[in-house]
file upload_23.tsv (TSV, C-alpha atoms and all ligand atoms)
chain	number	residue	atom	x	y	z
A	4	MET	CA	0.00	0.00	0.00
A	5	ASN	CA	1.13	3.49	-0.75
A	6	SER	CA	1.05	6.19	1.87
A	7	GLN	CA	2.48	9.63	2.43
A	8	ILE	CA	5.62	8.01	3.86
A	9	GLY	CA	6.25	5.42	1.16
A	10	ASP	CA	5.23	1.84	0.76
A	11	ILE	CA	3.62	0.33	3.84
A	12	HIS	CA	3.16	-3.39	4.13
A	13	ILE	CA	0.46	-4.79	6.43
A	14	ARG	CA	0.85	-8.37	7.61
A	15	ALA	CA	-0.10	-10.73	10.41
A	16	MET	CA	2.40	-11.02	13.25
A	17	ASN	CA	2.75	-13.30	16.24
A	18	TYR	CA	2.16	-11.91	19.70
A	19	LEU	CA	5.83	-11.83	20.62
A	20	GLU	CA	6.54	-9.54	17.67
A	21	VAL	CA	4.01	-6.92	18.76
A	22	ARG	CA	5.52	-6.43	22.20
A	23	PRO	CA	8.40	-4.01	21.43
A	24	LEU	CA	6.18	-1.39	19.79
A	25	ARG	CA	3.47	-1.81	22.44
A	26	LEU	CA	6.10	-1.17	25.08
A	27	GLU	CA	7.61	1.82	23.30
A	28	VAL	CA	4.33	3.54	22.44
A	29	LEU	CA	1.71	2.37	24.93
A	30	ARG	CA	3.81	2.18	28.08
A	31	ALA	CA	6.14	5.17	27.64
A	32	GLY	CA	6.67	6.87	31.00
A	33	MET	CA	4.30	4.55	32.81
A	34	ALA	CA	4.75	2.63	36.02
A	35	SER	CA	3.40	-0.49	34.35
A	36	GLN	CA	5.61	-1.95	31.67
A	37	THR	CA	3.26	-4.88	31.12
A	38	VAL	CA	2.50	-5.45	27.46
A	39	ASP	CA	0.95	-8.90	27.55
A	40	PHE	CA	-2.80	-8.99	27.11
A	41	ASP	CA	-5.10	-11.79	28.11
A	42	GLY	CA	-5.96	-13.51	24.82
A	43	ASP	CA	-2.77	-12.56	22.97
A	44	ASP	CA	-1.99	-16.18	22.14
A	45	ASP	CA	-5.55	-17.35	21.52
A	46	LYS	CA	-5.83	-19.24	18.24
A	47	THR	CA	-8.51	-16.84	17.08
A	48	THR	CA	-6.55	-13.68	17.88
A	49	VAL	CA	-4.98	-11.90	14.92
A	50	HIS	CA	-2.17	-9.37	15.32
A	51	LEU	CA	-1.79	-7.06	12.35
A	52	GLY	CA	1.30	-4.92	11.91
A	53	ALA	CA	2.47	-2.21	9.56
A	54	PHE	CA	6.01	-2.39	8.16
A	55	ASP	CA	8.02	0.16	6.26
A	56	GLU	CA	9.95	-0.48	3.06
A	57	THR	CA	12.93	-1.80	5.02
A	58	GLY	CA	10.84	-4.21	7.07
A	59	VAL	CA	10.80	-2.16	10.29
A	60	ASN	CA	7.62	-2.57	12.32
A	61	ILE	CA	5.94	0.84	12.56
A	62	GLY	CA	2.43	-0.04	13.73
A	63	VAL	CA	0.64	-2.78	15.64
A	64	SER	CA	-2.94	-3.79	16.39
A	65	SER	CA	-4.52	-6.89	17.92
A	66	TRP	CA	-7.94	-8.25	17.05
A	67	MET	CA	-9.54	-10.63	19.56
A	68	GLN	CA	-12.86	-12.43	19.39
A	69	ARG	CA	-14.59	-11.00	22.46
A	70	PRO	CA	-18.25	-10.17	23.08
A	71	PHE	CA	-19.25	-6.55	23.35
A	72	GLN	CA	-21.01	-6.57	26.70
A	73	PRO	CA	-23.97	-4.37	25.84
A	74	GLU	CA	-24.79	-6.87	23.05
A	75	PRO	CA	-23.31	-10.20	24.19
A	76	ASP	CA	-25.17	-12.26	21.59
A	77	LEU	CA	-23.48	-10.60	18.63
A	78	LYS	CA	-20.19	-11.98	17.33
A	79	ALA	CA	-17.73	-9.22	18.09
A	80	VAL	CA	-14.03	-8.46	17.77
A	81	GLN	CA	-12.16	-6.39	20.35
A	82	LEU	CA	-9.35	-4.20	19.05
A	83	ARG	CA	-6.49	-3.92	21.52
A	84	GLY	CA	-2.93	-2.62	21.57
A	85	MET	CA	-3.34	-0.11	18.76
A	86	ALA	CA	-0.09	1.82	18.36
A	87	THR	CA	1.92	3.63	15.71
A	88	ALA	CA	5.62	4.44	16.15
A	89	VAL	CA	5.72	7.91	17.72
A	90	HIS	CA	7.68	9.62	14.94
A	91	LEU	CA	5.26	8.30	12.30
A	92	GLN	CA	1.92	9.10	13.92
A	93	SER	CA	-0.62	11.12	11.90
A	94	HIS	CA	0.62	9.80	8.57
A	95	GLY	CA	-2.23	7.38	7.99
A	96	ILE	CA	-0.66	4.18	9.36
A	97	GLY	CA	-3.29	3.72	12.07
A	98	GLY	CA	-5.98	4.13	9.46
A	99	LEU	CA	-4.40	1.40	7.32
A	100	LEU	CA	-4.34	-0.95	10.31
A	101	LEU	CA	-7.99	-0.26	11.08
A	102	ASP	CA	-8.91	-0.97	7.46
A	103	ALA	CA	-6.99	-4.26	7.58
A	104	GLY	CA	-8.63	-5.25	10.88
A	105	HIS	CA	-12.08	-4.44	9.58
A	106	THR	CA	-11.39	-6.58	6.52
A	107	HIS	CA	-10.28	-9.43	8.77
A	108	ALA	CA	-13.44	-9.14	10.91
A	109	HIS	CA	-15.61	-9.04	7.82
A	110	GLU	CA	-13.90	-12.13	6.38
A	111	ILE	CA	-14.59	-14.18	9.53
A	112	GLY	CA	-18.21	-13.03	9.57
A	113	PHE	CA	-17.91	-10.73	12.59
A	114	HIS	CA	-19.59	-7.38	12.12
A	115	VAL	CA	-19.11	-5.63	15.46
A	116	ILE	CA	-15.74	-4.13	16.43
A	117	TRP	CA	-15.18	-2.52	19.79
A	118	ALA	CA	-12.34	-1.14	21.86
A	119	ASN	CA	-11.54	0.51	25.15
A	120	ALA	CA	-10.17	3.69	23.62
A	121	ARG	CA	-7.94	6.27	25.20
A	122	ASP	CA	-9.75	9.59	25.23
A	123	THR	CA	-6.78	11.08	23.37
A	124	ALA	CA	-7.52	8.69	20.47
A	125	LEU	CA	-11.31	9.18	20.33
A	126	ASN	CA	-11.14	11.53	17.32
A	127	PHE	CA	-9.14	8.93	15.45
A	128	TYR	CA	-11.74	6.22	16.11
A	129	ASN	CA	-14.70	8.52	15.47
A	130	ARG	CA	-13.26	9.47	12.08
A	131	HIS	CA	-13.12	5.80	11.23
A	132	GLY	CA	-16.79	5.23	11.99
A	133	TYR	CA	-16.61	4.27	15.65
A	134	THR	CA	-19.22	5.60	18.05
A	135	THR	CA	-18.40	6.43	21.65
A	136	VAL	CA	-20.68	4.59	24.09
A	137	GLY	CA	-21.27	4.87	27.82
A	138	GLU	CA	-19.53	6.76	30.55
A	139	GLY	CA	-15.82	7.40	30.60
A	140	PHE	CA	-13.61	5.40	32.93
A	141	ILE	CA	-10.04	5.24	34.15
A	142	GLU	CA	-8.33	2.17	32.74
A	143	THR	CA	-6.56	0.20	35.44
A	144	VAL	CA	-3.14	-0.45	33.90
A	145	THR	CA	-2.51	2.92	32.26
A	146	GLN	CA	-4.57	5.04	34.71
A	147	LEU	CA	-5.68	7.05	31.65
A	148	PRO	CA	-9.24	8.20	30.80
A	149	HIS	CA	-10.95	5.86	28.34
A	150	HIS	CA	-14.32	5.32	26.65
A	151	LYS	CA	-15.73	2.30	24.91
A	152	VAL	CA	-16.08	2.72	21.16
A	153	VAL	CA	-17.96	0.48	18.75
A	154	LYS	CA	-18.28	0.15	14.99
A	155	TYR	CA	-20.85	-1.93	13.12
A	156	LEU	CA	-19.55	-3.20	9.79
A	157	LEU	CA	-21.86	-3.41	6.82
A	158	ARG	CA	-22.63	-7.02	5.97
A	201	LIG	C1	-3.96	6.59	18.03
A	201	LIG	C2	-2.95	6.05	17.01
A	201	LIG	C3	-2.90	4.54	17.09
A	201	LIG	C4	-3.43	6.47	15.63
A	201	LIG	O1	-2.47	5.98	14.69
A	201	LIG	P1	-1.92	6.96	13.55
A	201	LIG	O2	-1.00	6.18	12.71
A	201	LIG	O3	-1.38	8.21	14.19
A	201	LIG	O4	-3.29	7.22	12.81
A	201	LIG	P2	-3.57	8.02	11.46
A	201	LIG	O5	-2.34	8.72	11.02
A	201	LIG	O6	-4.26	7.13	10.54
A	201	LIG	O7	-4.61	9.08	11.98
A	201	LIG	C5	-4.27	9.94	13.06
A	201	LIG	C6	-4.56	11.36	12.70
A	201	LIG	O8	-3.72	11.76	11.67
A	201	LIG	C7	-4.51	12.35	10.63
A	201	LIG	N1	-3.90	11.93	9.37
A	201	LIG	C8	-3.98	10.74	8.80
A	201	LIG	N2	-3.31	10.72	7.63
A	201	LIG	C9	-2.77	11.95	7.51
A	201	LIG	C10	-1.95	12.54	6.55
A	201	LIG	N3	-1.58	11.88	5.45
A	201	LIG	N4	-1.56	13.81	6.76
A	201	LIG	C11	-1.94	14.48	7.85
A	201	LIG	N5	-2.72	13.97	8.81
A	201	LIG	C12	-3.13	12.73	8.63
A	201	LIG	C13	-5.86	11.77	10.76
A	201	LIG	O9	-6.84	12.68	10.30
A	201	LIG	C14	-5.95	11.55	12.23
A	201	LIG	O10	-6.44	12.69	12.87
A	201	LIG	P3	-7.42	12.51	14.12
A	201	LIG	O11	-6.65	11.79	15.18
A	201	LIG	O12	-7.78	13.88	14.50
A	201	LIG	O13	-8.55	11.68	13.60
A	201	LIG	C15	-1.54	6.64	17.23
A	201	LIG	O14	-1.60	8.04	17.17
A	201	LIG	C16	-0.89	6.20	18.52
A	201	LIG	O15	-0.21	5.19	18.56
A	201	LIG	N6	-1.10	6.97	19.59
A	201	LIG	C17	-0.51	6.67	20.89
A	201	LIG	C18	-1.06	5.39	21.47
A	201	LIG	C19	-2.56	5.37	21.49
A	201	LIG	O16	-3.21	6.31	21.93
A	201	LIG	N7	-3.11	4.25	21.02
A	201	LIG	C20	-4.54	4.04	21.00
A	201	LIG	C21	-4.95	3.44	22.29
A	201	LIG	S1	-6.71	3.21	22.34
call {"tool": "encode", "arguments": {"input": "upload_23.tsv", "output": "structure tokens", "more": "lines below"}}
Ligand SMILES: CC(C)(COP(=O)(O)OP(=O)(O)OC[C@H]1O[C@@H](n2cnc3c(N)ncnc32)[C@H](O)[C@@H]1OP(=O)(O)O)[C@@H](O)C(=O)NCCC(=O)NCCS
result
Amino acid sequence: MNSQIGDIHIRAMNYLEVRPLRLEVLRAGMASQTVDFDGDDDKTTVHLGAFDETGVNIGVSSWMQRPFQPEPDLKAVQLRGMATAVHLQSHGIGGLLLDAGHTHAHEIGFHVIWANARDTALNFYNRHGYTTVGEGFIETVTQLPHHKVVKYLLR
């Protein structure tokens, strides 16, 4: 795929590969340096990463089959660990990863995507068709304000 910063390649990764970028981007300056998520090594979990022309990992995202509690009967995918390398944020890489994750969900017949989103990223999700639902909360590990966001894919 072409982007403003050159050719970006999106591919599946294993959960060990996603850890360095999670640590660098999602745990910078935090007391917790934990980057393992429950469900990371589930057979149904898919980790999608963005790579630059030289093969360097510049974005990560993890897509886990998890019910969305307000609608537990629907087959839903939870997006977790969404991160773009700091120096490359706001160049469209996150958008490419969302597109790839939505395609994955669509292919497996799941049409609801949700996430616990940092409030600082709500604009990003809203611009990609996610709706903010419910009250805000402080997420335990990061101690940052979050909201749930959800997107319903067209069938
Ligand atoms: C949130 C995050 C994953 C988004 O990834 P990203 O690669 O920066 O995403 P994009 O570049 O596709 O979009 C981000 C913004 O850049 C803008 N943008 C996208 N392409 C652009 C381009 N070519 N030129 C200028 N701006 C652009 C988008 O409009 C978007 O703006 P918005 O946030 O106001 O909606 C990333 O910023 C990040 O890792 N943040 C820190 C960790 C974090 O908060 N993770 C999410 C936890 S829920």
call {"tool": "residues_around", "arguments": {"input": "upload_23.tsv", "residues": "segment 123-135 of chain A", "least_positions_apart": "2", "cutoff": "6 Å", "atoms": "all atoms listed in the file", "output": "list in words"}}
result
Arg121, Lys151, Val152, Val153 and Lys154 of chain A
call {"tool": "residues_around", "arguments": {"input": "upload_23.tsv", "residues": "Thr48 of chain A", "least_positions_apart": "4", "cutoff": "7 Å", "atoms": "only C-alpha atoms", "output": "PyMOL selection string"}}
result
chain A and resi 42-44+66-68
call {"tool": "axis_aligned_box", "arguments": {"input": "upload_23.tsv", "around": "ligand LIG 201 (chain A)", "padding_each_side": "8 Å", "output": "AutoDock Vina command-line options"}}
result
--center_x -4.4 --center_y 8.8 --center_z 13.9 --size_x 24.3 --size_y 27.3 --size_z 32.9
call {"tool": "closest_atom_pairs", "arguments": {"input": "upload_23.tsv", "of": "chain A", "to": "ligand LIG 201 (chain A)", "cutoff": "8 Å", "atoms": "only C-alpha atoms and all ligand atoms", "output": "JSON lines"}}
result
{"residue": "A:Ser6", "atom": "CA", "partner": "A:LIG201", "partner_atom": "N3", "distance": 7.2}
{"residue": "A:Gln7", "atom": "CA", "partner": "A:LIG201", "partner_atom": "N3", "distance": 5.5}
{"residue": "A:Val28", "atom": "CA", "partner": "A:LIG201", "partner_atom": "C18", "distance": 5.8}
{"residue": "A:Leu29", "atom": "CA", "partner": "A:LIG201", "partner_atom": "C18", "distance": 5.4}
{"residue": "A:Gly62", "atom": "CA", "partner": "A:LIG201", "partner_atom": "O2", "distance": 7.2}
{"residue": "A:Arg83", "atom": "CA", "partner": "A:LIG201", "partner_atom": "S1", "distance": 7.2}
{"residue": "A:Gly84", "atom": "CA", "partner": "A:LIG201", "partner_atom": "C21", "distance": 6.4}
{"residue": "A:Met85", "atom": "CA", "partner": "A:LIG201", "partner_atom": "C20", "distance": 4.9}
{"residue": "A:Ala86", "atom": "CA", "partner": "A:LIG201", "partner_atom": "O15", "distance": 3.4}
{"residue": "A:Thr87", "atom": "CA", "partner": "A:LIG201", "partner_atom": "O15", "distance": 3.9}
{"residue": "A:Ala88", "atom": "CA", "partner": "A:LIG201", "partner_atom": "O15", "distance": 6.4}
{"residue": "A:Val89", "atom": "CA", "partner": "A:LIG201", "partner_atom": "O15", "distance": 6.6}
{"residue": "A:Leu91", "atom": "CA", "partner": "A:LIG201", "partner_atom": "O2", "distance": 6.6}
{"residue": "A:Gln92", "atom": "CA", "partner": "A:LIG201", "partner_atom": "O3", "distance": 3.4}
{"residue": "A:Ser93", "atom": "CA", "partner": "A:LIG201", "partner_atom": "O5", "distance": 3.1}
{"residue": "A:His94", "atom": "CA", "partner": "A:LIG201", "partner_atom": "O5", "distance": 4.0}
{"residue": "A:Gly95", "atom": "CA", "partner": "A:LIG201", "partner_atom": "O6", "distance": 3.3}
{"residue": "A:Ile96", "atom": "CA", "partner": "A:LIG201", "partner_atom": "O2", "distance": 3.9}
{"residue": "A:Gly97", "atom": "CA", "partner": "A:LIG201", "partner_atom": "O2", "distance": 3.4}
{"residue": "A:Gly98", "atom": "CA", "partner": "A:LIG201", "partner_atom": "O6", "distance": 3.6}
{"residue": "A:Leu99", "atom": "CA", "partner": "A:LIG201", "partner_atom": "O6", "distance": 6.6}
{"residue": "A:Ala118", "atom": "CA", "partner": "A:LIG201", "partner_atom": "S1", "distance": 7.1}
{"residue": "A:Asn119", "atom": "CA", "partner": "A:LIG201", "partner_atom": "S1", "distance": 6.2}
{"residue": "A:Ala120", "atom": "CA", "partner": "A:LIG201", "partner_atom": "S1", "distance": 3.7}
{"residue": "A:Arg121", "atom": "CA", "partner": "A:LIG201", "partner_atom": "S1", "distance": 4.4}
{"residue": "A:Asp122", "atom": "CA", "partner": "A:LIG201", "partner_atom": "S1", "distance": 7.6}
{"residue": "A:Thr123", "atom": "CA", "partner": "A:LIG201", "partner_atom": "O16", "distance": 6.1}
{"residue": "A:Ala124", "atom": "CA", "partner": "A:LIG201", "partner_atom": "C1", "distance": 4.8}
{"residue": "A:Leu125", "atom": "CA", "partner": "A:LIG201", "partner_atom": "O11", "distance": 7.4}
{"residue": "A:Asn126", "atom": "CA", "partner": "A:LIG201", "partner_atom": "O13", "distance": 4.5}
{"residue": "A:Phe127", "atom": "CA", "partner": "A:LIG201", "partner_atom": "O13", "distance": 3.4}
{"residue": "A:Tyr128", "atom": "CA", "partner": "A:LIG201", "partner_atom": "O13", "distance": 6.8}
{"residue": "A:Asn129", "atom": "CA", "partner": "A:LIG201", "partner_atom": "O13", "distance": 7.2}
{"residue": "A:Arg130", "atom": "CA", "partner": "A:LIG201", "partner_atom": "O13", "distance": 5.4}
{"residue": "A:His131", "atom": "CA", "partner": "A:LIG201", "partner_atom": "O13", "distance": 7.8}
{"residue": "A:His149", "atom": "CA", "partner": "A:LIG201", "partner_atom": "S1", "distance": 7.8}
call {"tool": "closest_residue", "arguments": {"input": "upload_23.tsv", "among": "A:Ala53, A:Val59, A:Leu26, A:Leu147", "to": "Leu101 of chain A", "atoms": "all atoms listed in the file"}}
result
A:Ala53
call {"tool": "residues_around", "arguments": {"input": "upload_23.tsv", "residues": "segment 33-41 of chain A", "least_positions_apart": "2", "cutoff": "8 Å", "atoms": "all atoms listed in the file", "output": "short mmCIF file (atom, residue, chain, number, x, y, z; two decimals) with C-alpha atoms, in the frame of the given file"}}
result
data_model
loop_
_atom_site.label_atom_id
_atom_site.label_comp_id
_atom_site.auth_asym_id
_atom_site.auth_seq_id
_atom_site.Cartn_x
_atom_site.Cartn_y
_atom_site.Cartn_z
CA ARG A 22 5.52 -6.43 22.20
CA ARG A 25 3.47 -1.81 22.44
CA LEU A 26 6.10 -1.17 25.08
CA ARG A 30 3.81 2.18 28.08
CA ALA A 31 6.14 5.17 27.64
CA ASP A 43 -2.77 -12.56 22.97
CA VAL A 144 -3.14 -0.45 33.90
CA THR A 145 -2.51 2.92 32.26
#
call {"tool": "closest_residue", "arguments": {"input": "upload_23.tsv", "among": "A:Leu24, A:Ile116, A:Leu100, A:Ile111", "to": "Glu74 of chain A", "atoms": "only C-alpha atoms"}}
result
A:Ile116
call {"tool": "atom_distance", "arguments": {"input": "upload_23.tsv", "atom1": "atom CA of Asn60 of chain A", "atom2": "atom CA of Gly104 of chain A"}}
result
16.5 Å
call {"tool": "closest_residue", "arguments": {"input": "upload_23.tsv", "among": "A:Tyr18, A:Phe54, A:Tyr155, A:Phe140", "to": "Lys78 of chain A", "atoms": "all atoms listed in the file"}}
result
A:Tyr155
call {"tool": "atom_distance", "arguments": {"input": "upload_23.tsv", "atom1": "atom CA of Ile13 of chain A", "atom2": "atom CA of Gln81 of chain A"}}
result
18.9 Å
call {"tool": "atom_distance", "arguments": {"input": "upload_23.tsv", "atom1": "atom CA of His50 of chain A", "atom2": "atom CA of Ala15 of chain A"}}
result
5.5 Å
call {"tool": "closest_residue", "arguments": {"input": "upload_23.tsv", "among": "A:Gly52, A:Gly58, A:Pro148, A:Gly32", "to": "Met16 of chain A", "atoms": "all atoms listed in the file"}}
result
A:Gly52
call {"tool": "residues_around", "arguments": {"input": "upload_23.tsv", "residues": "Phe113 of chain A", "least_positions_apart": "3", "cutoff": "9 Å", "atoms": "all atoms listed in the file", "output": "list in words"}}
result
Gln68, Leu77, Lys78, Ala79, Val80, His107, Ala108, His109, Glu110, Ile116, Leu156 and Arg158 of chain A
call {"tool": "write_last_selection", "arguments": {"input": "upload_23.tsv", "atoms": "C-alpha atoms", "output": "mmCIF file, keeping the file's coordinate frame"}}
result
data_model
loop_
_atom_site.group_PDB
_atom_site.id
_atom_site.type_symbol
_atom_site.label_atom_id
_atom_site.label_comp_id
_atom_site.auth_asym_id
_atom_site.auth_seq_id
_atom_site.Cartn_x
_atom_site.Cartn_y
_atom_site.Cartn_z
ATOM 1 C CA GLN A 68 -12.860 -12.430 19.390
ATOM 2 C CA LEU A 77 -23.480 -10.600 18.630
ATOM 3 C CA LYS A 78 -20.190 -11.980 17.330
ATOM 4 C CA ALA A 79 -17.730 -9.220 18.090
ATOM 5 C CA VAL A 80 -14.030 -8.460 17.770
ATOM 6 C CA HIS A 107 -10.280 -9.430 8.770
ATOM 7 C CA ALA A 108 -13.440 -9.140 10.910
ATOM 8 C CA HIS A 109 -15.610 -9.040 7.820
ATOM 9 C CA GLU A 110 -13.900 -12.130 6.380
ATOM 10 C CA ILE A 116 -15.740 -4.130 16.430
ATOM 11 C CA LEU A 156 -19.550 -3.200 9.790
ATOM 12 C CA ARG A 158 -22.630 -7.020 5.970
#
call {"tool": "decode", "arguments": {"input": "upload_23.tsv", "residues": "segment 30-74 of chain A", "atoms": "C-alpha atoms", "output": "PDB file, in the first residue's frame"}}
result
ATOM      1  CA  ARG A  30       3.814   2.175  28.081  1.00  0.00           C
ATOM      2  CA  ALA A  31       6.141   5.167  27.644  1.00  0.00           C
ATOM      3  CA  GLY A  32       6.668   6.868  30.997  1.00  0.00           C
ATOM      4  CA  MET A  33       4.299   4.549  32.806  1.00  0.00           C
ATOM      5  CA  ALA A  34       4.745   2.630  36.020  1.00  0.00           C
ATOM      6  CA  SER A  35       3.400  -0.490  34.351  1.00  0.00           C
ATOM      7  CA  GLN A  36       5.613  -1.953  31.666  1.00  0.00           C
ATOM      8  CA  THR A  37       3.255  -4.881  31.119  1.00  0.00           C
ATOM      9  CA  VAL A  38       2.504  -5.448  27.463  1.00  0.00           C
ATOM     10  CA  ASP A  39       0.955  -8.897  27.545  1.00  0.00           C
ATOM     11  CA  PHE A  40      -2.801  -8.993  27.108  1.00  0.00           C
ATOM     12  CA  ASP A  41      -5.095 -11.791  28.108  1.00  0.00           C
ATOM     13  CA  GLY A  42      -5.959 -13.507  24.824  1.00  0.00           C
ATOM     14  CA  ASP A  43      -2.768 -12.563  22.969  1.00  0.00           C
ATOM     15  CA  ASP A  44      -1.995 -16.183  22.139  1.00  0.00           C
ATOM     16  CA  ASP A  45      -5.554 -17.352  21.520  1.00  0.00           C
ATOM     17  CA  LYS A  46      -5.828 -19.240  18.239  1.00  0.00           C
ATOM     18  CA  THR A  47      -8.513 -16.835  17.083  1.00  0.00           C
ATOM     19  CA  THR A  48      -6.547 -13.683  17.881  1.00  0.00           C
ATOM     20  CA  VAL A  49      -4.983 -11.895  14.924  1.00  0.00           C
ATOM     21  CA  HIS A  50      -2.172  -9.373  15.320  1.00  0.00           C
ATOM     22  CA  LEU A  51      -1.788  -7.058  12.350  1.00  0.00           C
ATOM     23  CA  GLY A  52       1.299  -4.923  11.911  1.00  0.00           C
ATOM     24  CA  ALA A  53       2.473  -2.214   9.560  1.00  0.00           C
ATOM     25  CA  PHE A  54       6.006  -2.393   8.164  1.00  0.00           C
ATOM     26  CA  ASP A  55       8.018   0.159   6.257  1.00  0.00           C
ATOM     27  CA  GLU A  56       9.949  -0.482   3.061  1.00  0.00           C
ATOM     28  CA  THR A  57      12.929  -1.797   5.019  1.00  0.00           C
ATOM     29  CA  GLY A  58      10.844  -4.214   7.068  1.00  0.00           C
ATOM     30  CA  VAL A  59      10.795  -2.165  10.286  1.00  0.00           C
ATOM     31  CA  ASN A  60       7.620  -2.572  12.320  1.00  0.00           C
ATOM     32  CA  ILE A  61       5.943   0.837  12.557  1.00  0.00           C
ATOM     33  CA  GLY A  62       2.433  -0.042  13.728  1.00  0.00           C
ATOM     34  CA  VAL A  63       0.638  -2.780  15.644  1.00  0.00           C
ATOM     35  CA  SER A  64      -2.943  -3.788  16.393  1.00  0.00           C
ATOM     36  CA  SER A  65      -4.519  -6.887  17.920  1.00  0.00           C
ATOM     37  CA  TRP A  66      -7.944  -8.245  17.053  1.00  0.00           C
ATOM     38  CA  MET A  67      -9.545 -10.630  19.561  1.00  0.00           C
ATOM     39  CA  GLN A  68     -12.855 -12.435  19.391  1.00  0.00           C
ATOM     40  CA  ARG A  69     -14.591 -10.999  22.458  1.00  0.00           C
ATOM     41  CA  PRO A  70     -18.253 -10.166  23.079  1.00  0.00           C
ATOM     42  CA  PHE A  71     -19.255  -6.549  23.347  1.00  0.00           C
ATOM     43  CA  GLN A  72     -21.012  -6.570  26.704  1.00  0.00           C
ATOM     44  CA  PRO A  73     -23.975  -4.365  25.837  1.00  0.00           C
ATOM     45  CA  GLU A  74     -24.790  -6.869  23.054  1.00  0.00           C
TER      46      GLU A  74
END
